[in-house]
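A short worksheet on the structure shown next.
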Amino acid sequence: MKSVLRPRTGHLLLVIDLAGTALFAAEGSSTAVQAHLDLLGILVLGFVTALGGGIVRDLLIGDVPPSSIRNWIYPAVALTAGAMVFVLHAYTAAINSWLIISLDAAGLSLFAVSGATKALEFGLHPLLATLMGGITGVGGGTIRDLLIGQVPKVLRSDIYAAAALFGAAMTLLCLRLRLNPVVASVAGIGSCFTLRMFAVYYHWNLPHAAG
Amino acid sequence: MKSVLRPRTGHLLLVIDLAGTALFAAEGSSTAVQAHLDLLGILVLGFVTALGGGIVRDLLIGDVPPSSIRNWIYPAVALTAGAMVFVLHAYTAAINSWLIISLDAAGLSLFAVSGATKALEFGLHPLLATLMGGITGVGGGTIRDLLIGQVPKVLRSDIYAAAALFGAAMTLLCLRLRLNPVVASVAGIGSCFTLRMFAVYYHWNLPHAAG
Amino acid sequence: MKSVLRPRTGHLLLVIDLAGTALFAAEGSSTAVQAHLDLLGILVLGFVTALGGGIVRDLLIGDVPPSSIRNWIYPAVALTAGAMVFVLHAYTAAINSWLIISLDAAGLSLFAVSGATKALEFGLHPLLATLMGGITGVGGGTIRDLLIGQVPKVLRSDIYAAAALFGAAMTLLCLRLRLNPVVASVAGIGSCFTLRMFAVYYHWNLPHAAG
């Protein structure tokens, strides 16, 4: 679904892109293992966590069928990652948590920026393109949480969706300033990633309503 | 998303329309405050409560991107209303409940009638256009309830969705009888609003299955 | 929504098709009765259980408005079945459970095969057409479970979605082997039905992650 960035920036982003899909799928499948779902549930949660955000965005901007439904490589990567978690979860559960947080922040950044860019290319107003970037980044995790009966983490936890929106807005601002698209993408990805990592490290949270 | 009515009835309905969006957003954001969500969750719940029903309807009838995604004014109003609740919720929580119920019934009525009218214009059968009116009226609140982990109120509480369906059906009946579209809209809005207010005042409920 | 099969196989499948819609609607409405929802909730749960899977599939493959929104006969059948459950649930609750399981397996089989066939006709890759078959079969029940606040049964219970995927894949394999479409459909429906019935009878389950 992140194909918009690929023609401009070549193989590196394709690799990062598929890595993001694989990582989000692995996270979703790990959640399914912890929720004691069976093999099918593990694959389904991996699939929706990795691809759900992009699918919702594509439905909303009118790119139908969604690109991850048109192109078998993304589902194949997501399902493979889920299958690997099923087999290897005893090992994946032991991976250093800062590595996971960093990879997750990287995936979030890329999804947010590519989602916002794609929405802009489909003619949306920058305010709404920013929202589409946020949906691309956190939509899959939201659907995953709903499926296992939890209030979506992004609605109550630390700065996660806000980082996605910040990165998306930064990219769109750079594009508005007529910067090179690659520069705009890197600026957005870097902004989102940096904000997310600082927020985790320093336990930053968004404010709650007073009283 | 209620633009169908606007060219016919001018600025008054646009004002009511935006007022309905603002009110539904404020209700959703107030729910988020009560559920102890953070600023982002407050804005998200306001957004989906106000615009979710119209977005689902537009996806179903094939008006993509949904009109509230194409037009930044509705999201801007919804997000502004949510931000005001965040700042002022100590005051908004004190608003007279009958005022809120009346405004909510007014918003429900307008959303139901405009949703049904739009679906009819997109070629749907009146039975399905009525359903689309109901979805427009209650879809946002349903998504909001799901996001905070509650069984949607419309599925179990008093006459709410039923009032939306009644108003939508009344409008479509008037249109079938070749009445003036403004008359049909007013008849539907009045029917929905009246039924809803009587239902609240007299504690009317739909029947449950016997036994 | 299963109209793809109809022109080829005539009235018999139309009857089975509507029977599947009615049965799924009756199941959804019975769930609503048990969850103490009111009349409207009973009709809504019947509607989404019967038609939700096909609607999601149609949104994803780009057949908008979804065929069950374009054609009033399916909603009419679903709502009628729901109304009958409302009136007669004391009797329907006493129906022999193996009869219900058999009819449900038949409906699942037909929905899975017709959903996969339709997705293939819309140009999807066979891997994704298989997934669309699974979504058509179990999507409605998944939405129903979410609406009443439960983790979807298909994510954790016995071989149900897996049977739908198996039947869908079998049909697509037969079509790839250039068998007659009717033969391919019958093979897929028979495969799904047989696997499902054996799974219930012998208590087969999908594996959970070890440890």
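We label chains A, B, ... in the order they appear in the structure tokens, count residues from 1 in each chain, and number ligands from 1 in the order shown.
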Taking only residues of chain C that have an atom at most 7 Å from an atom of chain B, what is each one's shortest atom pair and its distance in Å to one decimal, using only C-alpha atoms, in chain and number order, as a Markdown table?
```
| residue | atom | partner | partner_atom | distance |
| --- | --- | --- | --- | --- |
| C:Val33 | CA | B:Ala209 | CA | 6.4 |
| C:Leu37 | CA | B:Arg156 | CA | 4.9 |
| C:Asp38 | CA | B:His208 | CA | 4.4 |
| C:Leu39 | CA | B:His208 | CA | 5.7 |
| C:Leu40 | CA | B:Leu155 | CA | 6.6 |
| C:Gly41 | CA | B:Leu155 | CA | 4.4 |
| C:Val64 | CA | B:Gly62 | CA | 5.3 |
| C:Pro65 | CA | B:Ile61 | CA | 4.9 |
| C:Pro66 | CA | B:Leu60 | CA | 6.7 |
| C:Ile69 | CA | B:Leu128 | CA | 6.5 |
| C:Arg70 | CA | B:Leu124 | CA | 6.2 |
| C:Trp72 | CA | B:His125 | CA | 6.6 |
| C:Phe86 | CA | B:Ala209 | CA | 5.4 |
| C:Val87 | CA | B:Ala209 | CA | 6.9 |
| C:Leu147 | CA | B:Val151 | CA | 6.0 |
| C:Ile148 | CA | B:Val151 | CA | 5.4 |
| C:Gly149 | CA | B:Val151 | CA | 5.5 |
```
Keeping only N, CA and C atoms, write the selected residues to a file as an mmCIF file, in the first residue's frame.
```cif
data_model
loop_
_atom_site.group_PDB
_atom_site.id
_atom_site.type_symbol
_atom_site.label_atom_id
_atom_site.label_comp_id
_atom_site.auth_asym_id
_atom_site.auth_seq_id
_atom_site.Cartn_x
_atom_site.Cartn_y
_atom_site.Cartn_z
ATOM 1 N N VAL C 33 -31.837 -12.117 20.648
ATOM 2 C CA VAL C 33 -32.839 -12.434 21.673
ATOM 3 C C VAL C 33 -32.151 -12.856 22.957
ATOM 4 N N LEU C 37 -31.677 -7.971 23.505
ATOM 5 C CA LEU C 37 -31.867 -6.758 22.711
ATOM 6 C C LEU C 37 -33.350 -6.603 22.385
ATOM 7 N N ASP C 38 -33.727 -5.385 22.009
ATOM 8 C CA ASP C 38 -35.127 -5.155 21.659
ATOM 9 C C ASP C 38 -35.385 -5.504 20.197
ATOM 10 N N LEU C 39 -36.601 -5.245 19.727
ATOM 11 C CA LEU C 39 -36.982 -5.626 18.366
ATOM 12 C C LEU C 39 -36.000 -5.088 17.335
ATOM 13 N N LEU C 40 -35.643 -3.813 17.486
ATOM 14 C CA LEU C 40 -34.735 -3.240 16.504
ATOM 15 C C LEU C 40 -33.377 -3.935 16.532
ATOM 16 N N GLY C 41 -32.866 -4.184 17.730
ATOM 17 C CA GLY C 41 -31.586 -4.877 17.830
ATOM 18 C C GLY C 41 -31.652 -6.270 17.226
ATOM 19 N N VAL C 64 -19.563 -1.514 -5.677
ATOM 20 C CA VAL C 64 -20.269 -0.563 -4.828
ATOM 21 C C VAL C 64 -21.374 0.103 -5.621
ATOM 22 N N PRO C 65 -22.591 0.254 -5.100
ATOM 23 C CA PRO C 65 -23.038 -0.245 -3.802
ATOM 24 C C PRO C 65 -23.024 -1.764 -3.766
ATOM 25 N N PRO C 66 -22.788 -2.329 -2.585
ATOM 26 C CA PRO C 66 -22.789 -3.792 -2.465
ATOM 27 C C PRO C 66 -24.076 -4.393 -3.011
ATOM 28 N N ILE C 69 -27.149 -4.286 -1.092
ATOM 29 C CA ILE C 69 -27.721 -2.947 -0.916
ATOM 30 C C ILE C 69 -28.459 -2.529 -2.192
ATOM 31 N N ARG C 70 -28.004 -3.044 -3.320
ATOM 32 C CA ARG C 70 -28.664 -2.727 -4.591
ATOM 33 C C ARG C 70 -29.975 -3.477 -4.757
ATOM 34 N N TRP C 72 -33.215 -5.328 -3.174
ATOM 35 C CA TRP C 72 -33.979 -5.318 -1.931
ATOM 36 C C TRP C 72 -34.371 -6.704 -1.454
ATOM 37 N N PHE C 86 -38.325 -13.036 16.211
ATOM 38 C CA PHE C 86 -38.910 -12.223 17.281
ATOM 39 C C PHE C 86 -40.232 -12.816 17.756
ATOM 40 N N VAL C 87 -41.048 -13.241 16.801
ATOM 41 C CA VAL C 87 -42.381 -13.754 17.144
ATOM 42 C C VAL C 87 -42.312 -15.190 17.661
ATOM 43 N N LEU C 147 -20.740 -6.437 17.812
ATOM 44 C CA LEU C 147 -21.828 -5.553 18.231
ATOM 45 C C LEU C 147 -22.362 -5.917 19.609
ATOM 46 N N ILE C 148 -22.300 -7.208 19.972
ATOM 47 C CA ILE C 148 -22.789 -7.578 21.304
ATOM 48 C C ILE C 148 -21.631 -7.721 22.288
ATOM 49 N N GLY C 149 -20.468 -7.184 21.917
ATOM 50 C CA GLY C 149 -19.381 -7.083 22.884
ATOM 51 C C GLY C 149 -18.651 -8.373 23.163
#
```
Open item on the list: Need to verify the contact set: Ile101 in chain C, 12 Å, only C-alpha atoms, exclusion of same-chain residues closer than 5 positions in sequence. Can you return it as an MDAnalysis selection string?
Closed with: chainID C and resid 23:24 27 95:96 106:108 160 193:194 196:201
Could you take the residues named above and write them with C-alpha atoms, as a compact mmCIF listing (two decimals), in the first residue's frame?
```txt
# COMPACT_ATOMS: atom_id res chain seq x y z
CA LEU C 23 -30.83 -18.95 8.14
CA PHE C 24 -27.91 -16.66 8.92
CA GLU C 27 -29.12 -17.18 13.81
CA ILE C 95 -35.09 -26.79 16.77
CA ASN C 96 -32.79 -29.79 16.71
CA ALA C 106 -24.55 -25.29 4.10
CA GLY C 107 -24.92 -21.51 4.27
CA LEU C 108 -21.25 -21.08 5.15
CA TYR C 160 -15.24 -22.75 10.95
CA PHE C 193 -19.54 -28.62 4.23
CA THR C 194 -17.82 -31.96 4.79
CA ARG C 196 -17.17 -28.39 8.84
CA MET C 197 -19.43 -31.31 9.74
CA PHE C 198 -16.52 -33.63 10.51
CA ALA C 199 -14.92 -30.89 12.62
CA VAL C 200 -18.07 -30.48 14.71
CA TYR C 201 -18.66 -34.21 15.07
```
Task: Non-local contacts of Val186 in chain C (9 Å; only C-alpha atoms; under 4 positions in same chain excluded) as a PyMOL selection string - done: chain C and resi 113+171+181-182+190-191
Could you save those same residues with N, CA and C atoms as a PDB file, in the first residue's frame?
```pdb
ATOM      1  N   VAL C 113     -17.968 -20.071  -1.189  1.00  0.00           N
ATOM      2  CA  VAL C 113     -17.665 -20.373  -2.588  1.00  0.00           C
ATOM      3  C   VAL C 113     -18.110 -19.237  -3.499  1.00  0.00           C
ATOM      4  N   THR C 171     -12.561 -24.507  -4.717  1.00  0.00           N
ATOM      5  CA  THR C 171     -13.246 -24.004  -5.911  1.00  0.00           C
ATOM      6  C   THR C 171     -12.259 -23.317  -6.855  1.00  0.00           C
ATOM      7  N   PRO C 181     -17.402 -24.539 -14.205  1.00  0.00           N
ATOM      8  CA  PRO C 181     -17.683 -23.722 -13.004  1.00  0.00           C
ATOM      9  C   PRO C 181     -18.679 -24.378 -12.047  1.00  0.00           C
ATOM     10  N   VAL C 182     -19.670 -25.074 -12.575  1.00  0.00           N
ATOM     11  CA  VAL C 182     -20.629 -25.723 -11.679  1.00  0.00           C
ATOM     12  C   VAL C 182     -19.934 -26.813 -10.880  1.00  0.00           C
ATOM     13  N   GLY C 190     -19.019 -28.750  -1.325  1.00  0.00           N
ATOM     14  CA  GLY C 190     -18.942 -30.061  -0.674  1.00  0.00           C
ATOM     15  C   GLY C 190     -17.748 -30.154   0.264  1.00  0.00           C
ATOM     16  N   SER C 191     -16.609 -29.589  -0.150  1.00  0.00           N
ATOM     17  CA  SER C 191     -15.413 -29.647   0.694  1.00  0.00           C
ATOM     18  C   SER C 191     -15.625 -28.897   1.997  1.00  0.00           C
TER      19      SER C 191
END
```
Open item on the list: as a count of residues only, please: the residues near Phe47 in chain A (cut-off 12 Å, only C-alpha atoms, same-chain neighbours under 5 positions excluded).
Closed with: 36
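Distances here use only C-alpha atoms; by that measure, the residue among A:Val85, A:Ala163, A:Trp204, A:Ala187 closest to Leu175 in chain A is A:Ala187.
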Open item on the list: If I take CA of Ile189 in chain A and CA of Arg57 in chain A, how far is one from the other in Å, to one decimal?
Closed with: 18.4 Å
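The interatomic distance for the pair CA of Leu103 in chain A and CA of Leu45 in chain B works out to 28.4 Å.
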